[in-house]
>>> print(open('coords-v5.cif').read())   # mmCIF, C-alpha atoms
data_coords
#
loop_
_atom_site.label_atom_id
_atom_site.label_comp_id
_atom_site.auth_asym_id
_atom_site.auth_seq_id
_atom_site.Cartn_x
_atom_site.Cartn_y
_atom_site.Cartn_z
CA MET C 6 31.88 2.19 -9.27
CA ALA C 7 31.75 5.68 -7.82
CA GLY C 8 29.97 8.07 -10.10
CA PRO C 9 28.58 11.54 -10.36
CA ILE C 10 26.37 13.40 -7.91
CA ARG C 11 22.82 14.28 -8.94
CA ILE C 12 21.16 17.26 -7.32
CA ARG C 13 17.44 17.94 -7.59
CA SER C 14 15.45 20.67 -5.92
CA ARG C 15 11.76 21.48 -5.83
CA ARG C 16 10.33 24.63 -4.39
CA ARG C 17 7.39 24.15 -2.02
CA GLU C 18 5.22 26.57 -0.12
CA ASP C 19 7.46 26.65 2.94
CA GLY C 20 10.83 25.83 1.53
CA VAL C 21 12.82 23.99 -1.06
CA ASP C 22 13.09 20.21 -1.00
CA VAL C 23 16.53 19.05 -2.01
CA MET C 24 17.45 15.56 -3.11
CA ILE C 25 21.06 14.49 -3.50
CA LEU C 26 22.00 11.18 -5.06
CA MET C 27 25.64 10.20 -4.77
CA LEU C 28 26.45 7.25 -6.99
CA HIS C 29 28.82 5.06 -4.99
CA PRO C 30 29.12 1.34 -4.22
CA MET C 31 29.25 1.95 -0.42
CA GLU C 32 31.04 -1.35 0.03
CA SER C 33 31.44 -2.16 3.71
CA GLY C 34 34.33 -4.55 3.39
CA LEU C 35 32.26 -7.20 5.14
CA ARG C 36 30.82 -8.81 2.05
CA LYS C 37 32.33 -11.69 0.14
CA ASP C 38 32.22 -12.28 -3.57
CA ASP C 39 31.23 -15.51 -5.32
CA HIS C 40 34.70 -16.99 -4.70
CA GLY C 41 34.51 -16.31 -0.99
CA GLU C 42 36.95 -13.40 -1.19
CA ARG C 43 36.23 -10.29 0.82
CA ILE C 44 35.22 -7.32 -1.28
CA PRO C 45 37.45 -4.44 -0.15
CA PRO C 46 35.77 -1.53 1.62
CA HIS C 47 34.87 1.44 -0.55
CA TYR C 48 32.46 3.91 0.94
CA ILE C 49 31.79 7.62 1.27
CA VAL C 50 33.12 8.90 4.57
CA ASP C 51 31.63 12.38 4.52
CA ALA C 52 29.69 14.74 2.34
CA SER C 53 29.11 18.45 2.62
CA VAL C 54 26.53 20.72 1.07
CA THR C 55 26.82 24.49 0.77
CA LEU C 56 24.40 27.10 -0.45
CA ASP C 57 26.07 30.14 -2.00
CA GLY C 58 29.20 29.11 -0.15
CA GLN C 59 27.54 28.74 3.26
CA PRO C 60 27.47 25.28 4.85
CA VAL C 61 23.98 23.84 5.10
CA LEU C 62 24.57 20.16 5.67
CA GLU C 63 27.48 17.99 6.72
CA ALA C 64 26.95 14.28 6.65
CA LEU C 65 29.07 11.54 8.16
CA LEU C 66 28.13 8.41 6.29
CA GLY C 67 29.99 5.08 6.25
CA ILE C 68 29.32 1.42 5.88
CA ALA C 69 25.77 1.46 7.22
CA VAL C 70 24.57 3.71 4.42
CA SER C 71 23.11 2.02 1.36
CA ARG C 72 24.71 1.94 -2.05
CA ASP C 73 24.16 5.19 -3.96
CA PRO C 74 23.38 7.31 -0.92
CA LEU C 75 20.25 9.37 -1.30
CA LEU C 76 19.85 12.31 1.03
CA GLN C 77 16.76 14.49 1.25
CA PHE C 78 16.25 17.62 3.27
CA ARG C 79 14.41 20.94 3.14
CA LEU C 80 15.82 24.44 3.05
CA HIS C 81 14.05 27.51 4.38
CA ASP C 82 14.91 31.03 3.25
CA ALA C 83 16.79 29.76 0.24
CA PRO C 84 16.53 32.07 -2.76
CA SER C 85 15.74 30.72 -6.17
CA GLY C 86 18.89 30.67 -8.24
CA ALA C 87 21.22 30.10 -5.29
CA ARG C 88 24.15 27.85 -6.00
CA ILE C 89 23.99 24.50 -4.22
CA SER C 90 27.26 22.65 -4.06
CA VAL C 91 27.93 19.07 -2.91
CA THR C 92 31.26 17.36 -2.20
CA TRP C 93 31.95 13.88 -0.91
CA ARG C 94 35.14 12.10 0.16
CA ASP C 95 35.53 8.35 0.41
CA ASN C 96 37.80 5.99 2.35
CA ARG C 97 40.16 5.66 -0.62
CA GLY C 98 40.76 9.38 -0.82
CA GLN C 99 38.54 9.82 -3.84
CA ARG C 100 36.38 12.90 -4.09
CA GLN C 101 33.44 14.04 -6.14
CA HIS C 102 31.85 17.42 -6.54
CA ALA C 103 28.76 18.81 -8.21
CA GLU C 104 26.83 22.04 -8.30
CA ALA C 105 23.35 23.05 -9.28
CA VAL C 106 21.11 26.05 -9.26
CA LEU C 107 18.38 25.96 -6.63
CA ALA C 108 14.79 25.87 -7.81
CA MET Y 7 7.28 0.42 30.05
CA ASN Y 8 7.49 3.92 28.67
CA ARG Y 9 5.04 4.55 25.91
CA ASP Y 10 3.85 7.48 23.89
CA ARG Y 11 0.29 7.86 25.14
CA SER Y 12 -0.58 11.04 23.32
CA ALA Y 13 -2.82 9.32 20.79
CA SER Y 14 -5.66 6.82 20.81
CA GLU Y 15 -5.35 3.10 20.22
CA SER Y 16 -5.38 1.75 16.73
CA THR Y 17 -8.58 0.30 15.34
CA VAL Y 18 -6.58 -1.85 12.91
CA PRO Y 19 -6.52 -5.43 14.18
CA ASP Y 20 -2.99 -6.18 15.26
CA ALA Y 21 -2.18 -9.70 14.21
CA ARG Y 22 1.47 -9.30 15.11
CA ARG Y 23 1.86 -9.14 18.86
CA ARG Y 24 5.28 -8.00 19.88
CA ALA Y 25 7.24 -7.84 23.06
CA PHE Y 26 7.60 -4.08 22.66
CA THR Y 27 4.65 -1.85 23.32
CA ARG Y 28 3.60 -0.41 20.01
CA SER Y 29 0.64 1.46 18.63
CA ALA Y 30 0.24 2.36 14.96
CA LEU Y 31 -2.20 5.17 14.20
CA TRP Y 32 -3.92 6.39 11.10
CA LEU Y 33 -5.04 9.98 10.96
CA GLY Y 34 -7.35 11.30 8.30
CA PHE Y 35 -6.67 14.87 7.23
CA GLY Y 36 -9.79 16.36 5.63
CA GLY Y 37 -9.80 14.39 2.43
CA TRP Y 38 -6.07 14.47 1.76
CA GLY Y 39 -5.85 10.83 2.66
CA LEU Y 40 -4.51 8.81 5.48
CA ILE Y 41 -1.19 9.73 6.99
CA PRO Y 42 0.56 7.07 9.01
CA ILE Y 43 1.94 8.28 12.30
CA ALA Y 44 5.11 6.46 13.12
CA SER Y 45 4.81 4.17 16.08
CA ALA Y 46 7.40 4.68 18.77
CA ASP Y 47 9.28 2.44 21.13
CA THR Y 48 10.78 4.51 23.90
CA SER Y 49 11.73 1.70 26.22
CA PRO Y 50 15.30 2.13 27.47
CA PRO Y 51 17.90 1.30 24.84
CA ALA Y 52 20.41 -1.45 25.45
CA GLU Y 53 24.13 -1.01 24.96
CA PRO Y 54 25.84 0.12 22.79
CA ILE Y 55 23.04 2.46 21.78
CA ALA Y 56 22.64 3.81 25.32
CA ALA Y 57 26.34 4.69 25.44
CA ALA Y 58 26.21 6.38 22.04
CA LEU Y 59 23.18 8.47 23.06
CA ALA Y 60 24.86 9.41 26.34
CA THR Y 61 27.98 10.58 24.50
CA MET Y 62 25.95 12.74 22.16
CA ALA Y 63 23.91 14.15 25.03
CA GLN Y 64 27.06 15.18 26.85
CA MET Y 65 27.77 17.62 24.05
CA SER Y 66 24.74 19.55 25.27
CA GLY Y 67 25.56 18.89 28.91
CA ASN Y 68 22.50 16.71 29.33
CA ARG Y 69 21.21 13.18 29.51
CA PRO Y 70 19.41 11.62 26.55
CA THR Y 71 15.65 12.22 26.63
CA ALA Y 72 13.04 10.11 24.89
CA SER Y 73 10.71 12.53 23.13
CA SER Y 74 7.52 12.30 21.14
CA ARG Y 75 8.70 15.42 19.31
CA VAL Y 76 11.19 13.31 17.43
CA ARG Y 77 9.66 11.19 14.72
CA LEU Y 78 11.24 8.30 12.94
CA THR Y 79 9.72 6.81 9.82
CA LEU Y 80 10.60 3.29 8.74
CA PRO Y 81 8.91 0.88 6.36
CA ARG Y 82 6.59 -1.46 8.25
CA LEU Y 83 8.14 -4.52 6.68
CA ILE Y 84 11.64 -4.51 5.26
CA GLU Y 85 12.21 -7.19 2.68
CA ASN Y 86 15.63 -5.96 1.65
CA GLY Y 87 17.78 -4.82 4.57
CA ALA Y 88 20.35 -3.37 2.16
CA VAL Y 89 18.20 -0.38 1.33
CA VAL Y 90 16.00 0.91 4.13
CA PRO Y 91 14.63 4.45 3.75
CA VAL Y 92 14.60 6.26 7.07
CA SER Y 93 13.51 9.77 7.99
CA VAL Y 94 14.13 11.61 11.22
CA THR Y 95 12.03 14.68 11.91
CA ALA Y 96 11.98 16.87 14.99
CA GLU Y 97 9.40 19.38 16.18
CA LEU Y 98 12.01 21.17 18.24
CA PRO Y 99 13.71 24.51 17.84
CA ASP Y 100 17.37 24.94 17.00
CA VAL Y 101 18.25 21.41 15.97
CA ARG Y 102 21.99 21.21 15.27
CA GLU Y 103 22.57 17.53 14.63
CA ILE Y 104 20.53 14.56 13.56
CA TYR Y 105 21.55 10.94 14.10
CA VAL Y 106 20.31 7.59 12.89
CA LEU Y 107 21.27 4.57 15.01
CA ALA Y 108 20.59 0.87 14.71
CA ASP Y 109 21.15 -1.70 17.43
CA MET Y 110 21.52 -4.73 15.17
CA ASN Y 111 24.41 -3.32 13.12
CA PRO Y 112 28.16 -3.70 13.74
CA ALA Y 113 28.35 -0.05 14.80
CA PRO Y 114 25.58 1.85 16.61
CA ILE Y 115 25.55 5.05 14.53
CA ALA Y 116 24.41 4.48 10.96
CA ALA Y 117 24.67 8.10 9.82
CA GLN Y 118 24.88 11.54 11.33
CA PHE Y 119 24.24 15.02 10.06
CA ARG Y 120 25.01 18.56 11.10
CA ILE Y 121 22.53 21.07 9.74
CA GLY Y 122 22.81 24.79 9.23
CA PRO Y 123 20.31 27.36 10.54
CA GLY Y 124 18.22 27.50 7.37
CA VAL Y 125 17.63 23.77 7.20
CA ALA Y 126 14.42 22.17 8.41
CA PRO Y 127 14.99 19.66 11.24
CA ARG Y 128 14.41 16.68 9.04
CA ILE Y 129 16.64 14.35 7.08
CA SER Y 130 15.98 11.30 4.94
CA VAL Y 131 18.63 8.69 4.17
CA ARG Y 132 18.78 5.04 3.13
CA ILE Y 133 20.61 2.68 5.44
CA LYS Y 134 21.58 -0.97 5.72
CA LEU Y 135 20.15 -3.08 8.51
CA ALA Y 136 21.87 -6.35 9.29
CA ASP Y 137 18.83 -7.87 10.96
CA SER Y 138 15.59 -7.05 12.73
CA GLY Y 139 15.97 -4.82 15.73
CA ARG Y 140 15.49 -1.22 16.80
CA VAL Y 141 16.32 1.84 14.78
CA TYR Y 142 16.72 5.17 16.58
CA GLY Y 143 16.42 8.76 15.47
CA ALA Y 144 18.05 11.38 17.65
CA VAL Y 145 18.48 15.12 17.42
CA ARG Y 146 20.74 17.40 19.37
CA THR Y 147 19.73 20.94 20.22
CA GLN Y 148 21.40 23.42 22.51
CA ASN Y 149 19.16 22.09 25.27
CA GLY Y 150 19.75 18.41 24.95
CA LEU Y 151 19.64 15.17 23.02
CA TYR Y 152 16.18 13.88 22.16
CA TRP Y 153 15.46 10.51 20.68
CA THR Y 154 12.85 8.08 19.54
CA SER Y 155 12.95 4.55 18.26
CA ASP Y 156 10.96 2.06 16.26
CA VAL Y 157 11.17 -1.63 15.59
CA ALA Y 158 12.49 -2.72 12.21
CA ASN Y 159 11.24 -6.04 10.86
CA VAL Y 160 13.85 -7.19 8.38
CA THR Y 161 13.27 -10.25 6.22
CA VAL Y 162 16.64 -10.39 4.50
CA GLY Y 163 19.57 -8.72 6.28
CA GLY Y 164 21.48 -6.08 4.37
CA CYS Y 165 25.06 -6.29 5.51
CA SER Y 166 26.42 -9.45 3.89
#
>>> encode(input="coords-v5.cif", output="structure tokens")
Amino acid sequence: MAGPIRIRSRRREDGVDVMILMLHPMESGLRKDDHGERIPPHYIVDASVTLDGQPVLEALLGIAVSRDPLLQFRLHDAPSGARISVTWRDNRGQRQHAEAVLA
Amino acid sequence: MNRDRSASESTVPDARRRAFTRSALWLGFGGWGLIPIASADTSPPAEPIAAALATMAQMSGNRPTASSRVRLTLPRLIENGAVVPVSVTAELPDVREIYVLADMNPAPIAAQFRIGPGVAPRISVRIKLADSGRVYGAVRTQNGLYWTSDVANVTVGGCS
């Protein structure tokens, strides 16, 4: 089932590494269950990340992305204590949001 | 066949001959250990990848360009195609978008990202691969669309 978003950040010499884990089944709709029935599609369509309200990353995901999408990227010029905010939307209209303080 | 010739041949015996030209390189960095340099396959992509790259390149008013400044990292052997960690890194200025493509999947683009100005031109994501084939990393800058590719060896496909 879709779940919360986990945000982790680690400050390095030349930036801050950010890891975002979005718990979600990312079901493509192509798989069948044990009875041969198709499992309905349920996947994150897009996700956006902002830093103190400014967009830093927009991701278009979809059925080719693994269950529980894990995104990693690095920010430059990102002050410690900045607010990092993540939102995703899935194909069923569900949304999830989380925020964290940058390392 | 196009090939990245900027580095020397591998001294590791290659027991797995492939149709694609491929060289895997190990570089020692002063005691920090060995860092694998991703091999690259820049032979011309088949459809539908070629069409997808061309569409992206049009956004910069260019044609797609194979580039050794784009690096794709993939596991050497993929036992579970349902979870394949991929990174795309570019040594290029002003990267706006990063794409991951796969030619063995139902749709060519596996994931795509738009990055802001303060974001390093690198993204890691985990994707599903239906079968063995080629995975592509591409980045779009103001000047064009640059891509690289590597061969994915998948033991158990990840889409069904």
>>> resolve_selection(input="coords-v5.cif", expression="the PyMOL selection byres ((chain Y) within 8 of (chain C))", output="PDB file with C-alpha atoms, in the coordinates of the input")
ATOM      1  CA  ALA Y  88      20.350  -3.370   2.160  1.00  0.00           C
ATOM      2  CA  VAL Y  89      18.200  -0.380   1.330  1.00  0.00           C
ATOM      3  CA  VAL Y  90      16.000   0.910   4.130  1.00  0.00           C
ATOM      4  CA  ASN Y 111      24.410  -3.320  13.120  1.00  0.00           C
ATOM      5  CA  ALA Y 116      24.410   4.480  10.960  1.00  0.00           C
ATOM      6  CA  ALA Y 117      24.670   8.100   9.820  1.00  0.00           C
ATOM      7  CA  GLN Y 118      24.880  11.540  11.330  1.00  0.00           C
ATOM      8  CA  PHE Y 119      24.240  15.020  10.060  1.00  0.00           C
ATOM      9  CA  ARG Y 120      25.010  18.560  11.100  1.00  0.00           C
ATOM     10  CA  ILE Y 121      22.530  21.070   9.740  1.00  0.00           C
ATOM     11  CA  GLY Y 122      22.810  24.790   9.230  1.00  0.00           C
ATOM     12  CA  PRO Y 123      20.310  27.360  10.540  1.00  0.00           C
ATOM     13  CA  GLY Y 124      18.220  27.500   7.370  1.00  0.00           C
ATOM     14  CA  VAL Y 125      17.630  23.770   7.200  1.00  0.00           C
ATOM     15  CA  ALA Y 126      14.420  22.170   8.410  1.00  0.00           C
ATOM     16  CA  ARG Y 128      14.410  16.680   9.040  1.00  0.00           C
ATOM     17  CA  ILE Y 129      16.640  14.350   7.080  1.00  0.00           C
ATOM     18  CA  SER Y 130      15.980  11.300   4.940  1.00  0.00           C
ATOM     19  CA  VAL Y 131      18.630   8.690   4.170  1.00  0.00           C
ATOM     20  CA  ARG Y 132      18.780   5.040   3.130  1.00  0.00           C
ATOM     21  CA  ILE Y 133      20.610   2.680   5.440  1.00  0.00           C
ATOM     22  CA  LYS Y 134      21.580  -0.970   5.720  1.00  0.00           C
ATOM     23  CA  LEU Y 135      20.150  -3.080   8.510  1.00  0.00           C
ATOM     24  CA  CYS Y 165      25.060  -6.290   5.510  1.00  0.00           C
ATOM     25  CA  SER Y 166      26.420  -9.450   3.890  1.00  0.00           C
TER      26      SER Y 166
END
>>> resolve_selection(input="coords-v5.cif", expression="the PyMOL selection byres ((chain Y and resi 67) around 12)", output="JSON, numbers by chain")
{"Y": [60, 61, 62, 63, 64, 65, 66, 68, 69, 70, 146, 147, 148, 149, 150, 151]}
>>> atom_distance(input="coords-v5.cif", atom1="atom CA of Y:Pro99", atom2="atom CA of Y:Ser73")
13.4 Å
>>> atom_distance(input="coords-v5.cif", atom1="atom CA of C:Ile89", atom2="atom CA of C:His29")
20.0 Å
>>> atom_distance(input="coords-v5.cif", atom1="atom CA of C:Gln99", atom2="atom CA of C:Ala7")
8.9 Å
>>> residues_around(input="coords-v5.cif", residues="Y:Ser138", least_positions_apart="4", cutoff="9 Å", atoms="all atoms listed in the file", output="MDAnalysis selection string")
chainID Y and resid 84 87 110 157:163
>>> residues_around(input="coords-v5.cif", residues="C:Ala105", least_positions_apart="6", cutoff="9 Å", atoms="only C-alpha atoms", output="list in words")
Arg11, Ile12, Arg13, Ser14, Gly86, Ala87, Arg88, Ile89, Ser90 and Val91 of chain C
>>> closest_residue(input="coords-v5.cif", among="C:Arg16, C:Gly8, C:Arg97, C:Met31", to="C:Ser85", atoms="all atoms listed in the file")
C:Arg16
